[in-house]
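S.K.: Here it is: the structure, laid out below.
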Amino acid sequence: MALMDFIKKQFIDIIQWTEEGDGTLAWRFPMRDMEIQNGGTLVVRESQMAIFVNEGQVADVFGPGTYKLTTQTLPVLTYLKNWDKLFESPFKSDVYFFSTRQQIDQKWGTPQPITIRDKDFGAVRLRAFGNYAFRIADPKLFHTEISGTRESYPVADLEGQLRGLVLQNISNAIAGSGLPFLDLAANQVMFADALTKELAPIFAKLGILIESLTVQNVSLPEELQKILDQKIGMGMVGNDMAKFMQYQTAQAIPKFAEGAGNGGGVAGDAIGLGAGVALGQVLAQNLQQGLQGGGAAAQAAPAAAAAAVGVKPEDVMATLEKLGELKSKGILTQEEFDAKKAELLKKLV
């Protein structure tokens with residue numbers, strides 16, 4: 001019995017790796033006090049690859065399959081050990097297995113806003129995040145560049161390096177794509193393709209293939225987002241200042257409604273809506289005339305200002321419509337609506 005235990009301890013017939021869980025990229029077969037027997041079997045499962053290493057030098061590489069270990073299946077190792085003259089059995093060699101499965105849902109994101117050049121806005125600071133998937137494509141290169149002689153190499157040890165490479169190349173990807181920020185934010189698939197193209201050769205130098213990359217969000221810091229929202233608002237009205245003032249006034253209507261709960265008088269705020277629109281039109285008109293030049297703008301300014309003091313009939317009607325909407329939503333009571341309606345109608349007399 002002791003003799004059988006000794007033989008079992010010293011000679012290896014089957015070399016294989018049964019992965020017990022996720023997250024391991026490379027694993028070294030335990031060879032301490034053991035030797036590989038001539039004619040032994042190497043089993044490499046699907047989603048695995050294996051390499052033989054002789055005295056620190058990578059010899060033979062095996063893909064999925066079952067192999068009988070002879071001079072024919074180990075040509076490089078045979079050359080390194082001069083087995084063409086005399087095959088030594090048993091023999092010693094380090095054997096490493098590599099998982100070639102996709103390592104999915106690897107997170108990336110910008111901890112701080114990064115600055116990029118944009119042809120629409122100049123310099124822009126943006127945030128972005130998403131995930132990516134990769135696999136080992138070249139186990140020989142991965143062994144020499146990354147995992148080395150370690151007993152095992154987990155995904156967690158590589159995660160930080162790969163995330164740093166993603167962040168480092170975001171600016172290059174955006175510059176290479178030639179797309180402005182707004183197009184990137186609207187078409188995240190295009191952004192992801194540009195970033196993947198930038199990262200592919202860098203990952204390949206580590207023996208890694210990037211399988212997919214997603215961009216889940218691209219955004220600006222809050223203070224820049226407000227400026228962008230105003231620019232978008234201007235674009236919605238065709239860069240017309242008068243219409244933009246009306247747009248801003250319409251955006252303020254919810255704030256008027258909030259004033260009711262604070263005792264601010266929703267109806268009173270709503271009355272100011274019509275005058276605000278009229279005043280906005282006057283200011284926009286003056287600005288446009290000033291930009292065009294000429295003395296006509298200066299002469300028209302006093303008359304326009306005088307017109308803003310009163311409330312135009314169409315503005316009164318617009319205010320009544322807004323008051324009706326507030327009443328239908330329950331913000332104004334029927335009594336408040338009737339009272340303000342009467343005050344507004346008097347202004348038309």
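Lettering and numbering for the structure tokens are positional, with chains as A, B, ... in the shown order, residues counted from 1 in each chain, and ligands counted from 1 in the shown order.
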With only C-alpha atoms as the counted atoms, please give the residues lying no more than 9 Å from Phe52 in chain A, apart from itself and same-chain residues fewer than 3 positions off, as a list in words.

M.R.: Gln57, Val58, Ala59, Asp60, Val61, Phe62, Leu74, Leu77, Ser93, Asp94, Val95 and Tyr96 of chain A

S.K.: Which residue gives the smallest distance to Phe29 in chain A among A:Arg150, A:Glu335, A:Ala128, A:Leu213, with only C-alpha atoms counted?

M.R.: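 Ranked by minimum distance to Phe29 in chain A, first place goes to A:Arg150.
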
S.K.: Could you jot down the CA of Arg32 in chain A to CA of Leu158 in chain A separation for me, Å, one decimal place?

M.R.: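 We find that CA of Arg32 in chain A and CA of Leu158 in chain A lie 26.9 Å from each other.
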
S.K.: Fewer than 4 positions away in the same chain doesn't count, so skip those; otherwise give me all residues within 8 Å of range 97-103 of chain A, counting only C-alpha atoms, as an MDAnalysis selection string.

M.R.: chainID A and resid 17 23:29 47:51 133:137 139 155 211

S.K.: Could you list, as an MDAnalysis selection string, every residue within 9 Å of Ser177 in chain A, counting only C-alpha atoms and ignoring same-chain residues fewer than 6 positions away?

M.R.: chainID A and resid 190:191 194:195

S.K.: Separation of CA of Gly63 in chain A and CA of Thr78 in chain A, in Å?

M.R.: 18.6 Å

S.K.: Which neighbours of range 116-125 of chain A fall inside 8 Å, counting only C-alpha atoms, when residues of the same chain fewer than 6 positions from it are skipped, and could you give them as a VMD selection string?

M.R.: chain A and resid 171 174 to 175 180 to 181 220 to 221

S.K.: Please determine, counting only C-alpha atoms, which residue among A:Glu20, A:Lys68, A:Gly56, A:Leu320 has the shortest atom-to-atom distance to Asn38 in chain A.

M.R.: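 Among A:Glu20, A:Lys68, A:Gly56, A:Leu320, it is A:Lys68 that comes nearest to Asn38 in chain A.
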
S.K.: Considering only C-alpha atoms, can you say which of A:Ile104, A:Leu323, A:Leu126, A:Leu345 comes closest to Thr214 in chain A?

M.R.: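 Under the stated criterion, the closest residue is A:Ile104.
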
S.K.: Just the strand (DSSP E) stuff from range 79-215 of chain A, please, per backbone DSSP, written as a ChimeraX atom specification.

M.R.: /A:94-99,103-109,114-118,122-136,152-154,208-215

S.K.: From the list A:Gln334, A:Ile14, A:Glu55, A:Asp22, which residue is nearest Gln37 in chain A when using only C-alpha atoms?

M.R.: A:Ile14

S.K.: Quick one: residues within 8 Å of range 141-148 of chain A, only C-alpha atoms, excluding same-chain residues fewer than 6 positions away - as a list in words?

M.R.: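 Returned residues: Ala26, Lys205, Leu206, Gly207 and Ile208 of chain A.
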
S.K.: Could you please take those selected residues and save N, CA, C and O atoms as a PDB file, in the first residue's frame?

M.R.:
```
ATOM      1  N   ALA A  26      -5.801  32.496 -14.699  1.00  0.00           N
ATOM      2  CA  ALA A  26      -4.694  31.561 -14.918  1.00  0.00           C
ATOM      3  C   ALA A  26      -4.500  30.706 -13.666  1.00  0.00           C
ATOM      4  O   ALA A  26      -4.694  31.186 -12.539  1.00  0.00           O
ATOM      5  N   LYS A 205      -1.830  43.863 -26.607  1.00  0.00           N
ATOM      6  CA  LYS A 205      -0.449  43.791 -26.133  1.00  0.00           C
ATOM      7  C   LYS A 205      -0.332  43.001 -24.836  1.00  0.00           C
ATOM      8  O   LYS A 205       0.763  42.572 -24.465  1.00  0.00           O
ATOM      9  N   LEU A 206      -1.457  42.806 -24.147  1.00  0.00           N
ATOM     10  CA  LEU A 206      -1.480  42.034 -22.902  1.00  0.00           C
ATOM     11  C   LEU A 206      -2.001  40.624 -23.130  1.00  0.00           C
ATOM     12  O   LEU A 206      -2.171  39.857 -22.167  1.00  0.00           O
ATOM     13  N   GLY A 207      -2.271  40.275 -24.392  1.00  0.00           N
ATOM     14  CA  GLY A 207      -2.829  38.964 -24.687  1.00  0.00           C
ATOM     15  C   GLY A 207      -4.326  38.888 -24.466  1.00  0.00           C
ATOM     16  O   GLY A 207      -4.882  37.793 -24.331  1.00  0.00           O
ATOM     17  N   ILE A 208      -4.994  40.048 -24.435  1.00  0.00           N
ATOM     18  CA  ILE A 208      -6.418  40.118 -24.114  1.00  0.00           C
ATOM     19  C   ILE A 208      -7.199  40.654 -25.308  1.00  0.00           C
ATOM     20  O   ILE A 208      -6.747  41.562 -26.010  1.00  0.00           O
TER      21      ILE A 208
END
```
